[in-house]
file work13.txt (compact mmCIF, C-alpha atoms)
# COMPACT_ATOMS: atom_id res chain seq x y z
CA MET A 22 154.48 95.71 123.78
CA LYS A 23 150.86 96.24 124.86
CA THR A 24 149.84 95.81 128.49
CA ALA A 25 146.56 96.06 130.40
CA ASN A 26 145.38 95.78 133.99
CA LEU A 27 142.97 92.84 133.95
CA ALA A 28 141.35 90.32 136.25
CA ILE A 29 142.48 86.79 135.32
CA VAL A 30 140.11 83.87 135.93
CA PHE A 31 141.09 80.20 135.76
CA THR A 32 138.53 77.39 136.02
CA ASP A 33 138.81 73.63 135.71
CA ILE A 34 136.84 70.48 136.53
CA LYS A 35 137.65 68.54 139.69
CA GLY A 36 139.09 65.10 138.90
CA PHE A 37 138.80 65.55 135.15
CA THR A 38 141.97 63.63 134.25
CA GLU A 39 140.92 60.67 136.40
CA ARG A 40 137.42 60.71 134.88
CA THR A 41 138.73 60.61 131.32
CA SER A 42 140.63 57.42 132.08
CA ARG A 43 137.43 55.54 132.98
CA GLN A 44 134.99 57.11 130.52
CA THR A 45 134.52 56.54 126.81
CA LEU A 46 135.56 59.20 124.29
CA GLU A 47 131.91 59.99 123.67
CA GLU A 48 131.25 60.45 127.40
CA ASN A 49 134.24 62.78 127.69
CA GLN A 50 133.06 64.82 124.72
CA ARG A 51 129.57 65.09 126.16
CA LEU A 52 130.95 66.22 129.52
CA LEU A 53 133.07 68.93 127.91
CA HIS A 54 130.21 70.15 125.77
CA VAL A 55 127.82 70.46 128.71
CA HIS A 56 130.57 72.10 130.79
CA GLY A 57 131.21 74.72 128.09
CA ALA A 58 127.50 75.35 127.52
CA LEU A 59 127.01 76.01 131.24
CA LEU A 60 130.03 78.29 131.80
CA GLN A 61 130.54 80.27 128.61
CA PRO A 62 127.27 82.28 128.73
CA LEU A 63 128.15 83.37 132.27
CA PHE A 64 131.62 84.57 131.29
CA LYS A 65 130.00 86.65 128.56
CA ALA A 66 127.19 87.96 130.79
CA PHE A 67 129.71 89.48 133.21
CA GLY A 68 131.93 90.99 130.51
CA GLY A 69 134.57 88.26 130.36
CA ARG A 70 136.70 87.39 127.32
CA ILE A 71 137.64 83.73 126.92
CA VAL A 72 141.36 83.72 126.09
CA LYS A 73 141.71 79.97 125.72
CA SER A 74 140.08 76.67 126.58
CA ILE A 75 142.14 73.49 126.80
CA GLY A 76 140.17 70.40 127.69
CA ASP A 77 138.37 71.15 130.96
CA ALA A 78 140.15 74.46 131.68
CA PHE A 79 139.18 78.04 130.84
CA LEU A 80 141.38 81.14 131.00
CA VAL A 81 139.20 84.27 130.94
CA THR A 82 139.96 87.99 131.40
CA PHE A 83 137.70 90.68 132.87
CA GLU A 84 138.16 94.42 133.06
CA SER A 85 136.34 94.48 136.43
CA PRO A 86 137.56 92.38 139.40
CA THR A 87 134.06 92.58 140.92
CA GLN A 88 132.47 91.19 137.76
CA ALA A 89 135.09 88.44 137.67
CA VAL A 90 134.19 87.32 141.21
CA LEU A 91 130.45 87.56 140.47
CA SER A 92 130.93 85.35 137.42
CA GLY A 93 132.68 82.79 139.64
CA VAL A 94 129.82 82.58 142.15
CA ALA A 95 127.28 82.52 139.31
CA ILE A 96 129.14 79.55 137.80
CA GLN A 97 129.07 77.65 141.09
CA ASP A 98 125.36 78.29 141.61
CA ARG A 99 124.48 77.29 138.05
CA LEU A 100 126.44 74.07 138.42
CA TRP A 101 124.61 73.42 141.71
CA HIS A 102 121.28 73.69 139.89
CA HIS A 103 122.59 71.46 137.07
CA ASN A 104 123.97 68.79 139.41
CA ARG A 105 120.72 68.46 141.36
CA GLY A 106 119.02 67.14 138.22
CA ALA A 107 121.91 65.10 136.80
CA PRO A 108 123.07 61.55 137.63
CA GLU A 109 126.31 61.37 139.59
CA SER A 110 128.28 60.34 136.50
CA GLU A 111 127.29 63.57 134.72
CA GLN A 112 127.70 66.03 137.60
CA ILE A 113 130.33 68.73 137.20
CA GLN A 114 132.40 70.17 140.07
CA VAL A 115 134.53 73.18 139.18
CA ARG A 116 137.08 75.30 141.03
CA VAL A 117 137.56 78.99 140.27
CA ALA A 118 140.64 81.16 140.94
CA ILE A 119 141.04 84.89 140.28
CA ASN A 120 143.92 87.38 140.33
CA VAL A 121 144.33 90.90 139.00
CA GLY A 122 147.35 92.78 137.68
CA GLU A 123 149.14 94.18 134.66
CA VAL A 124 149.57 91.56 131.94
CA ARG A 125 151.19 91.53 128.52
CA LEU A 126 148.83 91.25 125.56
CA GLU A 127 150.23 89.26 122.64
CA GLY A 128 147.74 88.42 119.91
CA ASN A 129 144.77 86.84 121.66
CA ASP A 130 146.84 85.62 124.61
CA VAL A 131 147.92 87.11 127.95
CA PHE A 132 151.18 86.63 129.81
CA GLY A 133 152.87 87.78 132.98
CA GLU A 134 153.16 87.09 136.69
CA PRO A 135 149.45 87.87 137.39
CA VAL A 136 148.55 84.94 135.11
CA ASN A 137 151.04 82.66 136.86
CA ILE A 138 149.69 83.61 140.29
CA ALA A 139 146.10 82.93 139.22
CA ALA A 140 147.13 79.49 137.98
CA ARG A 141 148.86 78.70 141.28
CA VAL A 142 145.87 79.87 143.32
CA GLU A 143 143.67 77.55 141.25
CA GLY A 144 145.80 74.71 142.59
CA LEU A 145 144.81 75.75 146.12
CA ALA A 146 141.08 76.09 145.44
CA GLU A 147 138.62 73.37 146.31
CA ALA A 148 135.83 72.22 144.01
CA GLY A 149 132.76 74.43 144.39
CA GLU A 150 134.86 77.34 145.70
CA VAL A 151 135.78 80.79 144.37
CA TYR A 152 139.31 81.79 145.50
CA PHE A 153 140.96 85.13 144.79
CA THR A 154 144.08 87.02 145.78
CA GLU A 155 144.52 90.04 148.01
CA ALA A 156 144.96 92.15 144.87
CA VAL A 157 141.40 91.26 143.85
CA TYR A 158 140.11 91.82 147.39
CA LEU A 159 141.58 95.33 147.47
CA ALA A 160 140.30 96.25 144.00
CA MET A 161 136.77 94.81 144.06
CA ASN A 162 133.57 96.38 145.40
CA LYS A 163 133.22 94.69 148.79
CA ALA A 164 129.63 95.86 149.12
CA GLU A 165 128.66 93.57 146.24
CA VAL A 166 130.49 90.39 147.20
CA PRO A 167 131.24 89.07 150.72
CA SER A 168 134.69 87.66 151.33
CA ARG A 169 136.77 85.89 153.94
CA GLU A 170 140.51 85.31 154.16
CA VAL A 171 141.71 81.74 153.65
CA GLY A 172 145.34 82.40 154.57
CA ALA A 173 148.76 83.40 153.24
CA PHE A 174 150.55 80.94 150.97
CA GLU A 175 153.92 80.47 149.33
CA LEU A 176 153.27 79.74 145.66
CA LYS A 177 155.75 77.95 143.41
CA GLY A 178 157.85 80.42 141.43
CA ILE A 179 156.28 83.45 143.13
CA PRO A 180 158.35 85.51 145.61
CA GLY A 181 156.86 86.20 149.04
CA ARG A 182 153.59 84.98 150.48
CA ILE A 183 150.27 85.65 148.75
CA ARG A 184 147.15 86.31 150.83
CA VAL A 185 144.20 84.36 149.46
CA PHE A 186 140.49 85.01 150.04
CA HIS A 187 137.30 83.18 149.10
CA VAL A 188 133.59 83.92 148.82
CA PRO A 189 131.91 82.24 151.81
CA ARG A 190 128.66 80.34 151.46
CA ALA A 191 125.20 81.92 151.67
CA PRO A 192 123.11 83.17 153.39
CA TYR A 193 124.71 86.61 153.77
CA ARG A 194 124.05 89.40 156.22
CA VAL A 195 123.31 92.28 153.89
CA GLU A 196 124.01 94.94 156.47
CA ALA A 197 127.70 94.09 156.81
CA PRO A 198 129.17 92.27 153.76
CA GLN A 199 132.73 92.46 155.08
CA PRO A 200 135.23 89.68 155.87
CA GLY A 201 133.97 87.75 158.87
CA ALA A 202 130.42 89.16 158.65
CA VAL A 203 128.88 86.07 157.11
CA ALA A 204 126.22 83.84 158.65
CA GLU A 205 126.45 80.30 157.40
CA ALA A 206 123.32 78.40 158.32
CA PRO A 207 123.11 74.67 158.98
CA GLY A 208 121.37 72.84 156.20
CA SER A 209 122.48 75.40 153.61
CA GLU A 210 122.57 72.54 151.06
CA SER A 211 118.90 73.38 150.47
CA ILE A 212 119.84 76.62 148.75
CA PRO A 213 122.47 77.36 146.08
CA PRO A 214 125.90 77.69 147.71
CA TYR A 215 126.09 81.43 146.96
CA GLY A 216 122.37 82.17 147.14
CA ASN A 217 122.14 83.08 143.43
CA LEU A 218 124.11 86.22 144.30
CA GLY A 219 125.63 86.40 140.83
CA LEU A 220 123.22 84.20 138.89
CA SER A 221 120.23 86.44 139.72
CA ARG A 222 121.90 89.25 137.74
CA VAL A 223 121.89 87.27 134.51
CA PRO A 224 118.72 87.29 132.35
CA GLU A 225 117.44 83.79 131.72
CA SER A 226 117.60 84.47 128.00
CA ALA A 227 121.38 84.95 128.29
CA LEU A 228 121.95 81.51 129.80
CA GLY A 229 121.36 79.60 126.58
CA MET A 230 119.81 76.15 126.68
CA PRO A 231 118.20 75.05 129.98
CA SER A 232 120.55 72.73 131.86
CA GLY A 233 117.99 69.94 131.76
CA ASP A 234 118.30 69.80 127.97
CA LEU A 235 122.09 70.08 127.86
CA ALA A 236 122.89 66.41 128.49
CA GLN A 237 120.68 65.25 125.63
CA PHE A 238 122.09 67.88 123.30
CA GLY A 239 125.59 66.95 124.45
CA GLN A 240 125.00 63.36 123.32
CA MET A 241 124.01 64.57 119.87
CA ALA A 242 127.01 66.89 119.65
CA ALA A 243 129.42 64.18 120.78
CA ALA A 244 128.14 61.77 118.11
CA LEU A 245 128.53 64.44 115.42
CA GLY A 246 131.99 65.26 116.73
CA GLN A 247 133.18 61.66 116.39
CA ARG A 248 132.13 61.57 112.75
CA ALA A 249 133.88 64.90 112.18
CA ALA A 250 137.13 64.03 113.94
CA ALA A 251 139.04 62.89 110.84
CA GLY A 252 138.19 66.09 109.00
CA ALA A 253 139.04 68.14 112.08
CA VAL A 254 142.55 66.69 112.23
CA VAL A 255 143.14 67.64 108.60
CA LEU A 256 141.82 71.12 109.31
CA GLY A 257 144.15 71.42 112.27
CA GLN A 258 147.17 70.44 110.17
CA GLN A 259 146.28 72.93 107.45
CA ALA A 260 145.58 75.66 110.01
CA SER A 261 149.01 75.06 111.57
CA VAL A 262 150.69 75.49 108.18
CA LEU A 263 148.71 78.66 107.53
CA GLY A 264 149.65 80.05 110.94
CA ARG A 265 153.37 79.52 110.35
CA GLN A 266 153.16 81.13 106.92
CA ALA A 267 151.37 84.13 108.39
CA ARG A 268 153.99 84.45 111.12
CA THR A 269 156.82 84.27 108.58
CA ALA A 270 155.23 87.20 106.76
CA GLY A 271 155.34 89.18 109.98
CA GLY A 272 152.08 88.10 111.56
CA SER A 273 150.15 90.85 109.81
CA LEU A 274 147.78 88.50 107.96
CA LEU A 275 146.52 86.83 111.15
CA THR A 276 146.22 90.18 112.92
CA ARG A 277 144.08 91.62 110.10
CA LEU A 278 141.87 88.52 110.13
CA GLU A 279 141.33 88.78 113.88
CA GLN A 280 140.59 92.51 113.75
CA SER A 281 137.95 91.95 111.09
CA LEU A 282 136.06 89.35 113.13
CA PRO A 283 134.08 89.45 116.40
CA PRO A 284 135.67 88.09 119.62
CA GLY A 285 136.62 84.45 119.29
CA GLY A 286 137.14 84.90 115.55
CA ARG A 287 140.62 83.38 115.27
CA LEU A 288 139.32 79.96 114.25
CA ALA A 289 136.69 81.52 112.01
CA GLY A 290 139.40 83.50 110.24
CA VAL A 291 141.51 80.41 109.70
CA MET A 292 138.52 78.47 108.39
CA ARG A 293 137.61 81.29 106.01
CA SER A 294 141.16 81.28 104.67
CA LEU A 295 140.92 77.52 104.17
CA ALA A 296 137.70 77.76 102.13
CA PRO A 297 139.41 76.71 98.87
CA HIS A 298 140.18 73.36 100.51
CA GLY A 299 136.51 72.45 100.54
CA ARG A 300 133.36 72.85 102.57
CA ALA A 301 133.61 69.33 103.95
CA PHE A 302 136.64 70.14 106.10
CA LEU A 303 135.11 73.42 107.27
CA ILE A 304 131.84 71.81 108.36
CA ALA A 305 133.71 68.96 110.04
CA GLY A 306 135.89 71.45 111.92
CA VAL A 307 132.91 73.44 113.20
CA LEU A 308 131.12 70.31 114.43
CA ALA A 309 134.25 68.93 116.05
CA VAL A 310 135.10 72.12 117.94
CA PHE A 311 131.45 72.56 118.97
CA ALA A 312 131.33 69.02 120.31
CA GLY A 313 134.58 69.25 122.22
CA VAL A 314 136.82 67.49 119.73
CA GLY A 315 138.43 70.89 119.14
CA VAL A 316 141.10 69.90 121.63
CA VAL A 317 142.49 67.66 118.87
CA VAL A 318 142.68 70.58 116.45
CA LEU A 319 144.25 72.85 119.05
CA GLY A 320 146.90 70.38 120.12
CA GLY A 321 145.04 68.82 123.09
CA GLY A 322 144.10 65.23 123.69
CA ALA A 323 144.69 62.73 126.48
CA ALA A 324 148.46 63.29 126.59
CA MET A 325 148.12 67.05 126.97
CA ARG A 326 145.54 66.63 129.71
CA ALA A 327 147.90 64.28 131.53
CA ILE A 328 150.73 66.82 131.16
CA SER A 329 148.46 69.54 132.53
CA ALA A 330 147.73 67.33 135.54
CA VAL A 331 151.47 66.93 136.17
CA GLU A 332 151.96 70.70 136.08
CA LYS A 333 149.19 71.35 138.60
CA ALA A 334 150.07 68.55 141.03
CA PRO A 335 152.34 69.05 144.08
CA LYS A 336 155.82 67.64 143.49
CA ASN A 337 155.36 64.79 145.94
CA GLU A 338 152.28 63.57 144.03
CA ARG A 339 153.67 63.77 140.49
CA ASP A 340 155.30 60.38 139.97
CA PRO A 341 152.21 58.36 138.93
CA LEU A 342 150.98 61.27 136.81
CA VAL A 343 154.34 61.55 135.05
CA LYS A 344 154.32 57.80 134.41
CA GLU A 345 150.86 58.03 132.83
CA ALA A 346 151.86 61.03 130.72
CA ARG A 347 154.94 59.20 129.43
CA ARG A 348 152.82 56.18 128.55
CA LEU A 349 150.44 58.31 126.51
CA ILE A 350 153.30 60.14 124.82
CA ALA A 351 154.92 56.84 123.84
CA GLU A 352 151.70 55.85 122.07
CA GLU A 353 152.09 58.75 119.62
CA ASN A 354 153.11 57.40 116.21
CA ASP A 355 154.31 60.72 114.78
CA GLN A 356 157.88 61.41 115.90
CA GLY A 357 157.53 65.18 115.76
CA ARG A 358 154.37 65.11 117.86
CA ARG A 359 155.97 62.68 120.33
CA LEU A 360 159.01 64.93 120.83
CA TYR A 361 156.79 68.00 121.17
CA LEU A 362 154.73 66.34 123.91
CA GLN A 363 157.91 65.22 125.67
CA GLY A 364 158.97 68.87 125.66
CA ARG A 365 155.67 69.94 127.19
CA LEU A 366 156.12 67.31 129.90
CA ASP A 367 159.64 68.57 130.62
CA GLU A 368 158.21 72.08 130.96
CA ALA A 369 155.55 70.82 133.37
CA MET A 370 158.39 69.31 135.42
CA GLU A 371 160.14 72.72 135.36
CA ASN A 372 163.01 71.65 133.10
CA THR A 373 162.57 74.21 130.35
CA ARG A 374 166.12 73.91 129.04
CA ARG A 375 165.64 70.21 128.34
CA ALA A 376 162.23 70.99 126.86
CA LEU A 377 163.85 73.30 124.34
CA ASP A 378 166.14 70.47 123.23
CA ASP A 379 163.04 68.32 122.71
CA TYR A 380 161.34 71.09 120.74
CA ALA A 381 164.39 71.57 118.52
CA ARG A 382 164.39 67.86 117.64
CA ALA A 383 160.64 67.98 117.10
CA VAL A 384 160.99 70.88 114.66
CA ARG A 385 163.56 68.90 112.70
CA ALA A 386 160.99 66.09 112.59
CA GLY A 387 158.42 68.46 111.12
CA SER A 388 156.44 69.64 114.19
CA GLY A 389 154.82 73.04 113.72
CA ASP A 390 153.58 72.99 117.34
CA ALA A 391 157.16 72.72 118.58
CA GLU A 392 158.22 75.62 116.37
CA ASP A 393 155.41 77.75 117.82
CA ARG A 394 156.37 76.78 121.37
CA ILE A 395 160.00 77.79 120.90
CA ILE A 396 158.80 81.17 119.67
CA ASP A 397 156.47 81.51 122.67
CA LEU A 398 159.44 80.92 125.02
CA LEU A 399 161.19 83.99 123.62
CA SER A 400 158.86 85.96 125.92
CA HIS A 401 159.35 83.70 128.98
CA SER A 402 159.67 85.42 132.38
CA SER A 403 163.11 83.87 132.98
CA CYS A 404 166.13 85.39 131.23
CA GLY A 405 167.89 82.02 131.06
CA VAL A 406 164.95 80.44 129.26
CA ARG A 407 164.74 83.34 126.79
CA VAL A 408 168.45 83.00 126.02
CA ALA A 409 168.05 79.24 125.44
CA ALA A 410 165.07 79.91 123.16
CA VAL A 411 167.14 82.42 121.18
CA ASP A 412 169.84 79.77 120.75
CA ALA A 413 167.24 77.30 119.46
CA VAL A 414 165.85 79.88 117.00
CA ARG A 415 169.35 80.63 115.74
CA SER A 416 170.40 76.97 115.37
CA LEU A 417 167.17 76.08 113.56
CA LYS A 418 167.19 79.27 111.45
CA LEU A 419 163.52 79.89 112.29
CA ALA A 420 162.57 82.79 110.06
CA SER A 421 159.06 82.56 111.52
CA ALA A 422 160.49 83.86 114.82
CA LEU A 423 161.97 87.08 113.44
CA GLY A 424 159.12 89.29 114.70
CA GLU A 425 159.35 87.99 118.28
CA LEU A 426 163.16 88.03 118.12
CA GLU A 427 163.08 91.70 117.10
CA ASP A 428 160.72 92.48 120.00
CA LEU A 429 163.13 90.82 122.43
CA ALA A 430 166.08 92.66 120.89
CA ASP A 431 164.23 95.96 121.43
CA ASP A 432 162.73 95.42 124.88
CA GLY A 433 164.68 92.64 126.58
CA GLY A 434 163.15 91.20 129.74
CA ALA A 435 162.45 92.47 133.24
CA ASP A 436 165.11 90.21 134.77
CA ASP A 437 167.88 91.01 132.27
CA GLY A 438 171.07 91.75 134.20
CA SER A 439 170.36 89.15 136.87
CA GLY A 440 172.72 86.40 137.97
CA GLY A 441 176.48 86.44 137.56
CA PHE A 442 179.18 87.15 140.14
CA LEU A 443 180.59 90.61 140.90
CA GLY A 444 179.05 91.95 137.73
CA MET A 445 180.45 89.16 135.56
CA GLY A 446 178.35 86.77 133.51
CA LYS A 447 174.99 88.42 134.06
CA CYS A 448 172.10 87.21 131.90
CA ASP A 449 171.22 89.52 129.00
CA SER A 450 168.54 88.18 126.65
CA LYS A 451 168.27 91.52 124.84
CA THR A 452 171.89 91.48 123.66
CA HIS A 453 171.61 87.76 122.90
CA ALA A 454 168.63 88.44 120.64
CA GLN A 455 170.46 91.30 118.92
CA ASN A 456 173.38 89.00 118.14
CA ALA A 457 171.02 86.31 116.84
CA LEU A 458 169.40 88.82 114.47
CA LYS A 459 172.81 89.63 113.03
CA SER A 460 173.35 85.93 112.26
CA PHE A 461 170.15 85.95 110.16
CA LYS A 462 171.49 88.84 108.11
CA ASP A 463 174.89 87.22 107.52
call {"tool": "encode", "arguments": {"input": "work13.txt", "output": "structure tokens"}}
result
Amino acid sequence: MKTANLAIVFTDIKGFTERTSRQTLEENQRLLHVHGALLQPLFKAFGGRIVKSIGDAFLVTFESPTQAVLSGVAIQDRLWHHNRGAPESEQIQVRVAINVGEVRLEGNDVFGEPVNIAARVEGLAEAGEVYFTEAVYLAMNKAEVPSREVGAFELKGIPGRIRVFHVPRAPYRVEAPQPGAVAEAPGSESIPPYGNLGLSRVPESALGMPSGDLAQFGQMAAALGQRAAAGAVVLGQQASVLGRQARTAGGSLLTRLEQSLPPGGRLAGVMRSLAPHGRAFLIAGVLAVFAGVGVVVLGGGAAMRAISAVEKAPKNERDPLVKEARRLIAEENDQGRRLYLQGRLDEAMENTRRALDDYARAVRAGSGDAEDRIIDLLSHSSCGVRVAAVDAVRSLKLASALGELEDLADDGGADDGSGGFLGMGKCDSKTHAQNALKSFKD
């Protein structure tokens, strides 16, 4: 199992779920395209690697905590410049949250408590702000970025209290860029919120298209994406089949494809492998992903965005969001997809055991997404969830999970041996996985 000490950055758009409910599909696609065109060059300019993008959210890793924070303030300043020239309906307000720690690297994804903490801190952050944990504060170069403590918070699923900091607004006193040494002037709305502290370090040529042209280009991209959507769905279905076949063979095919391509090459590798199926699907897939319809290919859509909103919301505010998510799920015609989404909603409501039952039924109904999710849960942070995932793999006879099952049988989990009473009945996902492997050989 590979690990690395990385800074984890989460971003998302304020009020995105509510906006999608009152905007047309084309307007939503245009918003996402402009959002991506504004943020992605800045991630790259500061050395970030985009791990995933689902709807309005980005998960990005950086080797340097300082560069991660600078990218956050650069994003906020660039959005400030963009919003000044955009009508209110096209303005974009983003929140940024950062944590640092040792994470597990699995394929192109990252896992571990540092990721979970960053996601929880994002829930605390306000639009236009850059929040980060004490771990980032201690590791970053404080001479480059001013900071101020927000407070200590109890985060769901995280033991203890986490101290959280933010980057205060400009102007800054250069002579003492320490917590509390910030002069915030009245009328600071006349300058970018962070004084171009990060943005000034990025060459204009690296920013891509000027923000004034992005809205017009977004309209063109959204129109192309709508025409390409049908082909994109087909591409997504074929890519899912290819992914499961590669995993059954041990995952080596997908790994070799990714290693042979530049960063972000997973989709390119899949498309190259699908070339015999015709150029039409490939072109449609490129246009759709470029325009923001890629969320359909990657398993997104309105239902997934609603589920994401449930996960991020405080428990006392979830009921109307859950109701909306269930309504959208019920509109799904495909039984396998419907059961898969119900499982994702159960996970968002912290009922992973019930989610696994949903996923098992979805797999029997032909859902490849549910099969992949069960396999992902073999590496869950909770021993009880890993054991339940092993049981699902065994009952479904998922040969595609053998690689991950073998990893669990070798390494187990950090909380193996927890629970029980007087040494009896303790959770042991490692032994459970070993026993499941024997059942495959019988």
call {"tool": "atom_distance", "arguments": {"input": "work13.txt", "atom1": "CA of Arg169 in chain A", "atom2": "CA of Gly216 in chain A"}}
result
16.4 Å
call {"tool": "closest_residue", "arguments": {"input": "work13.txt", "among": "A:Gly172, A:Gly433, A:Gly357, A:Gly68", "to": "Val223 in chain A", "atoms": "only C-alpha atoms"}}
result
A:Gly68
call {"tool": "atom_distance", "arguments": {"input": "work13.txt", "atom1": "CA of Arg348 in chain A", "atom2": "CA of Ala324 in chain A"}}
result
8.6 Å
call {"tool": "closest_residue", "arguments": {"input": "work13.txt", "among": "A:Leu53, A:Val157, A:Ala327, A:Val343", "to": "Ile138 in chain A", "atoms": "all atoms listed in the file"}}
result
A:Val157
call {"tool": "closest_residue", "arguments": {"input": "work13.txt", "among": "A:Ser85, A:Ser400, A:Lys462, A:Asn104", "to": "Arg415 in chain A", "atoms": "only C-alpha atoms"}}
result
A:Lys462
call {"tool": "closest_residue", "arguments": {"input": "work13.txt", "among": "A:Glu39, A:Arg105, A:Val136, A:Asp98", "to": "Arg190 in chain A", "atoms": "only C-alpha atoms"}}
result
A:Asp98
call {"tool": "closest_residue", "arguments": {"input": "work13.txt", "among": "A:Arg375, A:Lys447, A:Lys418, A:Lys336", "to": "Lys459 in chain A", "atoms": "all atoms listed in the file"}}
result
A:Lys418
call {"tool": "closest_residue", "arguments": {"input": "work13.txt", "among": "A:Gln112, A:Asn49, A:Asn354, A:Ser329", "to": "Leu342 in chain A", "atoms": "all atoms listed in the file"}}
result
A:Ser329
call {"tool": "atom_distance", "arguments": {"input": "work13.txt", "atom1": "CA of Gly364 in chain A", "atom2": "CA of Ile396 in chain A"}}
result
13.7 Å
call {"tool": "residues_near_point", "arguments": {"input": "work13.txt", "point": "(137.2, 92.1, 143.7)", "cutoff": "6 Å", "atoms": "all atoms listed in the file", "output": "ChimeraX atom specification"}}
result
/A:86-87,157-158,160-162
call {"tool": "residues_around", "arguments": {"input": "work13.txt", "residues": "Gly93 in chain A", "least_positions_apart": "3", "cutoff": "7 Å", "atoms": "only C-alpha atoms", "output": "PyMOL selection string"}}
result
chain A and resi 89-90+96-97+117+151
call {"tool": "residues_around", "arguments": {"input": "work13.txt", "residues": "Asp428 in chain A", "least_positions_apart": "4", "cutoff": "10 Å", "atoms": "only C-alpha atoms", "output": "mmCIF file with C-alpha atoms, keeping the file's coordinate frame"}}
result
data_model
loop_
_atom_site.group_PDB
_atom_site.id
_atom_site.type_symbol
_atom_site.label_atom_id
_atom_site.label_comp_id
_atom_site.auth_asym_id
_atom_site.auth_seq_id
_atom_site.Cartn_x
_atom_site.Cartn_y
_atom_site.Cartn_z
ATOM 1 C CA MET A 22 154.480 95.710 123.780
ATOM 2 C CA LEU A 399 161.190 83.990 123.620
ATOM 3 C CA SER A 400 158.860 85.960 125.920
ATOM 4 C CA LEU A 423 161.970 87.080 113.440
ATOM 5 C CA GLY A 424 159.120 89.290 114.700
ATOM 6 C CA ASP A 432 162.730 95.420 124.880
ATOM 7 C CA GLY A 433 164.680 92.640 126.580
ATOM 8 C CA LYS A 451 168.270 91.520 124.840
ATOM 9 C CA ALA A 454 168.630 88.440 120.640
ATOM 10 C CA GLN A 455 170.460 91.300 118.920
#
call {"tool": "residues_around", "arguments": {"input": "work13.txt", "residues": "Arg407 in chain A", "least_positions_apart": "3", "cutoff": "9 Å", "atoms": "all atoms listed in the file", "output": "short mmCIF file (atom, residue, chain, number, x, y, z; two decimals) with C-alpha atoms, in the frame of the given file"}}
result
data_model
loop_
_atom_site.label_atom_id
_atom_site.label_comp_id
_atom_site.auth_asym_id
_atom_site.auth_seq_id
_atom_site.Cartn_x
_atom_site.Cartn_y
_atom_site.Cartn_z
CA LEU A 398 159.44 80.92 125.02
CA LEU A 399 161.19 83.99 123.62
CA SER A 400 158.86 85.96 125.92
CA HIS A 401 159.35 83.70 128.98
CA SER A 402 159.67 85.42 132.38
CA SER A 403 163.11 83.87 132.98
CA CYS A 404 166.13 85.39 131.23
CA ALA A 410 165.07 79.91 123.16
CA VAL A 411 167.14 82.42 121.18
CA ASP A 412 169.84 79.77 120.75
CA LEU A 429 163.13 90.82 122.43
CA GLY A 434 163.15 91.20 129.74
CA SER A 450 168.54 88.18 126.65
CA ALA A 454 168.63 88.44 120.64
#
